[in-house]
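> This one is query.txt, compact mmCIF, C-alpha atoms.
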```txt
# COMPACT_ATOMS: atom_id res chain seq x y z
CA MET F 28 158.67 16.67 106.75
CA THR F 29 162.35 16.66 107.70
CA LYS F 30 163.88 17.21 111.15
CA LYS F 31 165.36 20.52 110.05
CA GLU F 32 161.98 21.72 108.77
CA ILE F 33 160.37 20.75 112.09
CA ALA F 34 162.97 22.72 114.05
CA THR F 35 162.58 25.73 111.72
CA LEU F 36 158.80 25.60 112.07
CA PHE F 37 159.09 26.05 115.85
CA GLY F 38 161.83 28.66 115.55
CA TRP F 39 164.58 26.46 117.01
CA LYS F 40 168.01 27.31 115.64
CA CYS F 41 169.44 23.92 116.59
CA VAL F 42 168.13 20.55 115.37
CA THR F 43 169.73 18.66 118.29
CA ALA F 44 166.57 18.50 120.42
CA VAL F 45 164.55 17.19 117.45
CA ASN F 46 167.21 14.55 116.73
CA GLU F 47 167.16 13.41 120.36
CA ALA F 48 163.36 13.17 120.30
CA PHE F 49 163.38 10.94 117.22
CA VAL F 50 166.06 8.69 118.75
CA LYS F 51 163.89 8.21 121.86
CA ALA F 52 160.84 7.57 119.66
CA GLU F 53 162.54 4.63 117.91
CA SER F 54 161.42 2.30 120.73
CA LYS F 55 157.83 3.48 120.34
CA CYS F 56 157.55 3.56 116.55
CA GLN F 57 158.97 0.84 114.26
CA SER F 58 158.78 2.99 111.11
CA ILE F 59 160.98 5.66 112.74
CA LYS F 60 163.46 2.94 113.72
CA ASP F 61 163.46 1.60 110.14
CA LYS F 62 164.50 5.00 108.82
CA LYS F 63 167.51 5.14 111.15
CA GLY F 64 170.80 5.49 109.28
CA HIS F 65 169.21 6.60 106.01
CA TYR F 66 170.31 10.21 106.37
CA ASN F 67 173.55 12.19 106.62
CA LYS F 68 174.78 15.80 106.55
CA LYS F 69 173.72 16.22 102.93
CA THR F 70 170.54 14.17 102.89
CA SER F 71 167.47 14.26 105.10
CA ILE F 72 164.63 11.79 105.48
CA ASP F 73 160.96 12.70 105.47
CA TYR F 74 158.80 11.71 108.42
CA THR F 75 155.03 11.40 108.38
CA LEU F 76 152.76 13.48 110.63
CA GLU F 77 152.05 10.43 112.80
CA GLU F 78 155.76 9.74 113.27
CA THR F 79 156.49 13.38 114.05
CA LEU F 80 153.73 13.58 116.68
CA ILE F 81 155.15 10.49 118.41
CA ALA F 82 158.65 11.99 118.36
CA MET F 83 157.50 15.39 119.67
CA ASP F 84 156.06 13.68 122.73
CA CYS F 85 159.62 12.48 123.43
CA LEU F 86 161.13 15.99 123.62
CA ARG F 87 163.39 16.65 126.59
CA SER F 88 161.50 17.77 129.72
CA LYS F 89 162.47 21.44 129.39
CA MET F 90 160.84 21.58 125.93
CA THR F 91 157.24 20.61 126.59
CA PHE F 92 155.18 19.88 123.47
CA THR F 93 152.06 21.92 124.21
CA PRO F 94 148.59 21.43 122.64
CA MET F 95 149.05 24.75 120.81
CA MET F 96 152.37 23.54 119.34
CA LYS F 97 150.67 20.32 118.27
CA ARG F 98 147.90 22.22 116.51
CA TYR F 99 150.44 24.53 114.85
CA LEU F 100 152.41 21.50 113.63
CA ILE F 101 149.34 19.76 112.19
CA GLU F 102 148.17 22.90 110.36
CA ASN F 103 151.59 23.64 108.87
CA PHE F 104 152.90 20.12 108.30
CA ILE F 105 154.59 19.52 104.94
CA HIS F 106 153.29 16.39 103.24
CA ARG F 107 155.23 14.95 100.30
CA ASP F 108 154.43 12.25 97.78
CA THR F 109 158.15 11.63 97.25
CA PRO F 110 160.47 11.41 100.29
CA TYR F 111 162.87 14.34 100.56
CA ALA F 112 165.97 12.14 100.35
CA LEU F 113 164.70 10.32 97.28
CA LYS F 114 163.88 13.43 95.27
CA GLU F 115 165.46 13.40 91.85
CA LYS F 116 167.94 16.22 91.38
CA PRO F 117 167.76 18.09 88.05
CA LEU F 118 170.22 16.66 85.56
CA HIS F 119 173.13 18.98 84.83
CA ILE F 120 173.39 19.37 81.05
CA PRO F 121 176.37 21.43 79.79
CA ARG F 122 175.47 24.34 77.54
CA GLU F 123 177.17 22.88 74.46
CA VAL F 124 175.25 19.61 74.95
CA ARG F 125 171.94 21.49 75.24
CA HIS F 126 172.73 23.34 71.99
CA PHE F 127 173.65 20.11 70.23
CA ILE F 128 170.42 18.39 71.32
CA TYR F 129 168.43 21.37 70.00
CA TRP F 130 170.15 21.50 66.60
CA TRP F 131 170.14 17.71 66.30
CA GLY F 132 166.36 17.81 66.62
CA ILE F 133 165.99 20.75 64.21
CA SER F 134 168.12 19.03 61.58
CA GLU F 135 166.21 15.75 62.09
CA GLY F 136 169.45 13.89 62.73
CA ARG F 137 171.38 15.32 59.79
CA LEU F 138 173.77 17.51 61.78
CA GLN F 139 177.35 16.78 60.66
CA VAL F 140 179.67 17.01 63.67
CA CYS F 141 182.13 14.63 65.32
CA VAL F 142 179.61 12.83 67.53
CA SER F 143 177.53 11.91 64.45
CA CYS F 144 180.60 10.64 62.56
CA GLY F 145 181.14 6.99 61.69
CA TYR F 146 184.64 7.13 63.17
CA PHE F 147 183.39 8.39 66.53
CA ALA F 148 183.40 5.90 69.41
CA VAL F 149 183.08 5.75 73.17
CA ARG F 150 186.04 4.07 74.87
CA THR F 151 187.49 3.88 78.36
CA PRO F 152 191.24 4.43 78.90
CA ASN F 153 193.11 1.56 80.51
CA LYS F 154 193.55 3.42 83.78
CA GLN F 155 192.16 2.92 87.26
CA ASN F 156 188.84 4.72 87.83
CA ALA F 157 188.90 6.03 84.25
CA LYS F 158 185.61 7.22 82.74
CA PRO F 159 184.39 6.57 79.18
CA GLN F 160 185.66 9.25 76.80
CA PRO F 161 185.09 10.30 73.17
CA TYR F 162 187.48 8.48 70.83
CA CYS F 163 188.31 8.82 67.10
CA THR F 164 188.90 5.46 65.42
CA PHE F 165 190.34 7.15 62.30
CA TYR F 166 193.17 8.92 64.14
CA GLU F 167 193.17 6.29 66.90
CA ARG F 168 193.25 8.97 69.55
CA TYR F 169 191.09 10.20 72.39
CA PHE F 170 189.80 13.65 71.50
CA ASN F 171 191.47 15.24 74.50
CA HIS F 172 194.83 13.91 73.20
CA LEU F 173 194.48 15.39 69.70
CA THR F 174 196.94 18.15 68.82
CA ASN F 175 194.22 20.32 67.30
CA LYS F 176 191.48 20.64 69.88
CA ILE F 177 188.02 20.17 68.45
CA ASN F 178 184.51 20.65 69.81
CA ILE F 179 182.83 17.32 69.14
CA TYR F 180 179.36 18.91 69.24
CA LYS F 181 180.08 21.78 66.83
CA GLN F 182 182.92 20.74 64.52
CA LYS F 183 184.08 17.99 62.19
CA CYS F 184 187.27 17.18 60.30
CA PRO F 185 187.74 16.40 56.54
CA THR F 186 187.53 12.64 57.22
CA TYR F 187 183.88 12.89 58.37
CA ILE F 188 181.53 10.11 57.30
CA LYS F 189 177.88 9.92 58.31
CA SER F 190 177.06 7.39 61.02
CA ASN F 191 173.81 5.41 60.96
CA THR F 192 173.68 5.10 64.73
CA THR F 193 172.29 7.48 67.35
CA PRO F 194 175.10 9.72 68.70
CA TYR F 195 176.21 9.91 72.31
CA VAL F 196 176.53 12.99 74.51
CA PHE F 197 178.72 13.12 77.60
CA LEU F 198 177.30 14.12 81.00
CA GLU F 199 178.67 13.92 84.54
CA THR F 200 176.93 10.55 84.89
CA GLY F 201 178.64 9.25 81.74
CA PRO F 202 177.85 8.89 78.03
CA VAL F 203 174.17 8.55 77.07
CA LEU F 204 172.30 8.46 73.79
CA VAL F 205 171.10 11.89 72.68
CA ASP F 206 167.51 10.55 72.54
CA GLN F 207 167.66 9.78 76.27
CA VAL F 208 168.24 13.37 77.38
CA ASP F 209 165.15 15.41 78.17
CA ARG F 210 166.66 18.84 77.64
CA ASP F 211 163.63 20.80 78.86
CA ASN F 212 162.90 18.84 82.06
CA LYS F 213 166.59 18.14 82.78
CA LYS F 214 166.28 14.40 83.25
CA LEU F 215 167.17 11.12 81.55
CA LEU F 216 164.61 9.07 79.65
CA PRO F 217 164.71 5.25 79.58
CA ALA F 218 167.09 3.79 76.99
CA PRO F 219 165.38 2.30 73.93
CA VAL F 220 164.98 -1.46 74.14
CA LYS F 221 167.05 -3.25 71.51
CA THR F 222 167.26 -6.80 70.21
CA LEU F 223 170.60 -7.88 68.74
CA GLY F 224 171.54 -4.21 68.52
CA PHE F 225 168.40 -3.20 66.59
CA ASP F 226 165.49 -1.07 67.80
CA GLN F 227 162.46 -3.26 68.44
CA SER F 228 160.51 -1.00 66.09
CA ALA F 229 162.52 -2.57 63.24
CA PHE F 230 160.79 -5.88 63.93
CA LYS F 231 157.24 -4.50 63.84
CA SER F 232 155.10 -5.97 61.10
CA LYS F 233 153.80 -3.70 58.34
CA ARG F 234 150.89 -6.06 57.78
CA LYS F 235 147.54 -4.33 57.62
CA LYS F 236 144.84 -5.13 60.14
CA ASN F 237 143.01 -8.43 59.43
CA GLU F 238 145.43 -9.25 56.60
CA PRO F 239 146.21 -13.00 56.64
CA ILE F 240 149.67 -14.13 57.71
CA ILE F 241 151.31 -16.26 55.02
CA ILE F 242 153.83 -18.56 56.69
CA LEU F 243 154.98 -20.52 53.63
CA ARG F 244 154.49 -19.82 49.95
CA ASP F 245 153.24 -22.75 47.90
CA ALA F 246 156.36 -24.40 46.51
CA PHE F 247 154.70 -26.76 44.09
CA GLU F 248 152.53 -26.26 41.05
CA ASP F 249 149.43 -28.39 40.56
CA ASP F 250 150.92 -30.15 37.55
CA PHE F 251 154.28 -30.94 39.18
```
Please render this file's structure as structure tokens.

Amino acid sequence: MTKKEIATLFGWKCVTAVNEAFVKAESKCQSIKDKKGHYNKKTSIDYTLEETLIAMDCLRSKMTFTPMMKRYLIENFIHRDTPYALKEKPLHIPREVRHFIYWWGISEGRLQVCVSCGYFAVRTPNKQNAKPQPYCTFYERYFNHLTNKINIYKQKCPTYIKSNTTPYVFLETGPVLVDQVDRDNKKLLPAPVKTLGFDQSAFKSKRKKNEPIIILRDAFEDDF
């Protein structure tokens, strides 16, 4: 439970008294002290029931923590498996990217648009703090510098050639492979593990179960 939630639970408009109580409790509880500095105006840290009870006993004298308040706190305490500050925020996926992911799946990877073109690349401009951007190796231009603006997820030009690689999509966090974006749950999936640029699935044996492994073929005939 966070400090703000504790204050709200007791109907206190200000969190100052709760903050002061937790500061005083640092000398009595090592785990509270360890969490010091891991919060700011935008992020709060969860405290356990045990930590909160210790802190509430450190409230300023004019705000006595009564047995009834203690019981009310225990009965209404918010327990979390994942700390509030470490909760994963839903991934923001632009509408055009969501549509592309959908149609890419429907077409089974046959959708012909710029991001699935063999001339499409991801490059970073030679500027300070520049982010990776979509780049056309045929025209040797970044897409945002092309005279004729084009939607890389919906359009293609006459020079289109099919790429054999998985296309990228561009999010606020940067470019990611389309297969990494979980469109429904709004999160990123782990990147596929590759060896020398190839999916590890390419190295899986097609040998049937219990079939012997032939290391070397006989190079000599009996009558050689």
> Would you list the contacts of Asn178 in chain F as a list of chain:residue names, taking every protein, DNA or RNA residue within 9 Å and counting only C-alpha atoms, but skipping same-chain residues closer than 2 positions in sequence?
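Final neighbour list, sorted by chain and number: F:Glu123, F:Val140, F:Cys141, F:Phe170, F:Lys176, F:Tyr180, F:Lys181, F:Gln182, F:Lys183.
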> Which of these residues is nearest to Trp130 in chain F, using all atoms listed in the file: F:Cys85, F:Gly38, F:Val205, F:Cys144?
F:Val205
> Give me, please, the distance in Å between CA of Thr186 in chain F and CA of Val149 in chain F, quoted to one decimal.
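Computed distance, CA of Thr186 in chain F to CA of Val149 in chain F, equals 17.9 Å.
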> Taking only C-alpha atoms into account, name the residue in F:Ala82, F:Cys56, F:Val208, F:Cys163 that is nearest to His119 in chain F.
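Counting only C-alpha atoms, the residue closest to His119 in chain F is F:Val208.
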> Just how far from CA of Arg122 in chain F is CA of Asn156 in chain F, in Å to one decimal?
25.9 Å
> Taking all atoms listed in the file into account, which of F:Ala112, F:Ile179, F:Leu216, F:Val50 comes nearest Leu86 in chain F?
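Looking only at the distances to Leu86 in chain F, the closest residue turns out to be F:Val50.
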> Determine, counting only C-alpha atoms, every residue of protein, DNA or RNA that lies within 8 Å of (160.3, 11.4, 111.6) in the file coordinates, then give the result as a short mmCIF file (atom, residue, chain, number, x, y, z; two decimals) with C-alpha atoms, in the frame of the given file.

```cif
data_model
loop_
_atom_site.label_atom_id
_atom_site.label_comp_id
_atom_site.auth_asym_id
_atom_site.auth_seq_id
_atom_site.Cartn_x
_atom_site.Cartn_y
_atom_site.Cartn_z
CA MET F 28 158.67 16.67 106.75
CA THR F 29 162.35 16.66 107.70
CA LYS F 30 163.88 17.21 111.15
CA PHE F 49 163.38 10.94 117.22
CA ILE F 59 160.98 5.66 112.74
CA ILE F 72 164.63 11.79 105.48
CA ASP F 73 160.96 12.70 105.47
CA TYR F 74 158.80 11.71 108.42
CA THR F 75 155.03 11.40 108.38
CA LEU F 76 152.76 13.48 110.63
CA GLU F 78 155.76 9.74 113.27
CA THR F 79 156.49 13.38 114.05
CA ALA F 82 158.65 11.99 118.36
#
```
> Identify which of the residues F:Arg137, F:Lys31, F:Lys62, F:Lys114 lies closest to Ile188 in chain F, counting only C-alpha atoms when measuring atom-to-atom distances.
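Of F:Arg137, F:Lys31, F:Lys62, F:Lys114, the one nearest Ile188 in chain F is F:Arg137, counting only C-alpha atoms.
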> For CA of Asn191 in chain F and CA of Lys214 in chain F, quote the distance in Å rounded to one decimal.
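Computing the Euclidean distance for CA of Asn191 in chain F and CA of Lys214 in chain F yields 25.2 Å.
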> Within 10 Å of (168.0, 12.8, 64.2) (coordinates as in the file), grab all the protein and nucleic acid residues, counting all atoms listed in the file, and write them out as a list in words.
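Using all atoms listed in the file, the matching residues come out as Ile128, Trp130, Trp131, Gly132, Ile133, Ser134, Glu135, Gly136, Arg137, Leu138, Ser143, Asn191, Thr192, Thr193, Pro194, Val205 and Asp206 of chain F.
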> Considering all atoms listed in the file, return as number ranges by chain whatever protein or nucleic-acid residues lie within 12 Å of Glu167 in chain F, sequence-local ones (same chain, fewer than 4 positions apart) excluded.
F: 146-150, 161-163, 171-173
> Save range 178-214 of chain F to a file: C-alpha atoms, as a CSV table (one decimal), in the first residue's frame.

```
chain,number,residue,atom,x,y,z
F,178,ASN,CA,2.7,5.7,-44.8
F,179,ILE,CA,5.2,3.0,-44.3
F,180,TYR,CA,2.5,0.7,-42.8
F,181,LYS,CA,-0.1,1.1,-45.6
F,182,GLN,CA,1.7,2.0,-48.8
F,183,LYS,CA,4.5,1.0,-51.1
F,184,CYS,CA,6.3,2.5,-54.1
F,185,PRO,CA,6.9,0.9,-57.6
F,186,THR,CA,10.4,-0.2,-56.5
F,187,TYR,CA,9.0,-2.6,-53.9
F,188,ILE,CA,10.8,-5.9,-53.5
F,189,LYS,CA,9.8,-8.5,-50.9
F,190,SER,CA,12.0,-8.8,-47.9
F,191,ASN,CA,12.8,-12.2,-46.3
F,192,THR,CA,13.3,-10.7,-42.8
F,193,THR,CA,10.7,-9.8,-40.1
F,194,PRO,CA,9.7,-6.1,-40.4
F,195,TYR,CA,10.1,-3.5,-37.8
F,196,VAL,CA,7.5,-1.2,-36.3
F,197,PHE,CA,8.3,2.0,-34.5
F,198,LEU,CA,7.1,2.8,-31.0
F,199,GLU,CA,8.0,5.4,-28.4
F,200,THR,CA,10.6,3.0,-27.0
F,201,GLY,CA,12.2,2.6,-30.4
F,202,PRO,CA,12.0,0.1,-33.3
F,203,VAL,CA,11.0,-3.5,-32.5
F,204,LEU,CA,10.2,-6.5,-34.5
F,205,VAL,CA,6.5,-6.9,-35.3
F,206,ASP,CA,6.5,-10.4,-33.7
F,207,GLN,CA,7.6,-8.8,-30.4
F,208,VAL,CA,4.5,-6.6,-30.0
F,209,ASP,CA,1.6,-8.1,-28.1
F,210,ARG,CA,-1.2,-6.0,-29.6
F,211,ASP,CA,-4.0,-7.3,-27.4
F,212,ASN,CA,-2.2,-7.1,-24.0
F,213,LYS,CA,-0.2,-3.9,-25.0
F,214,LYS,CA,3.2,-5.2,-24.0
```
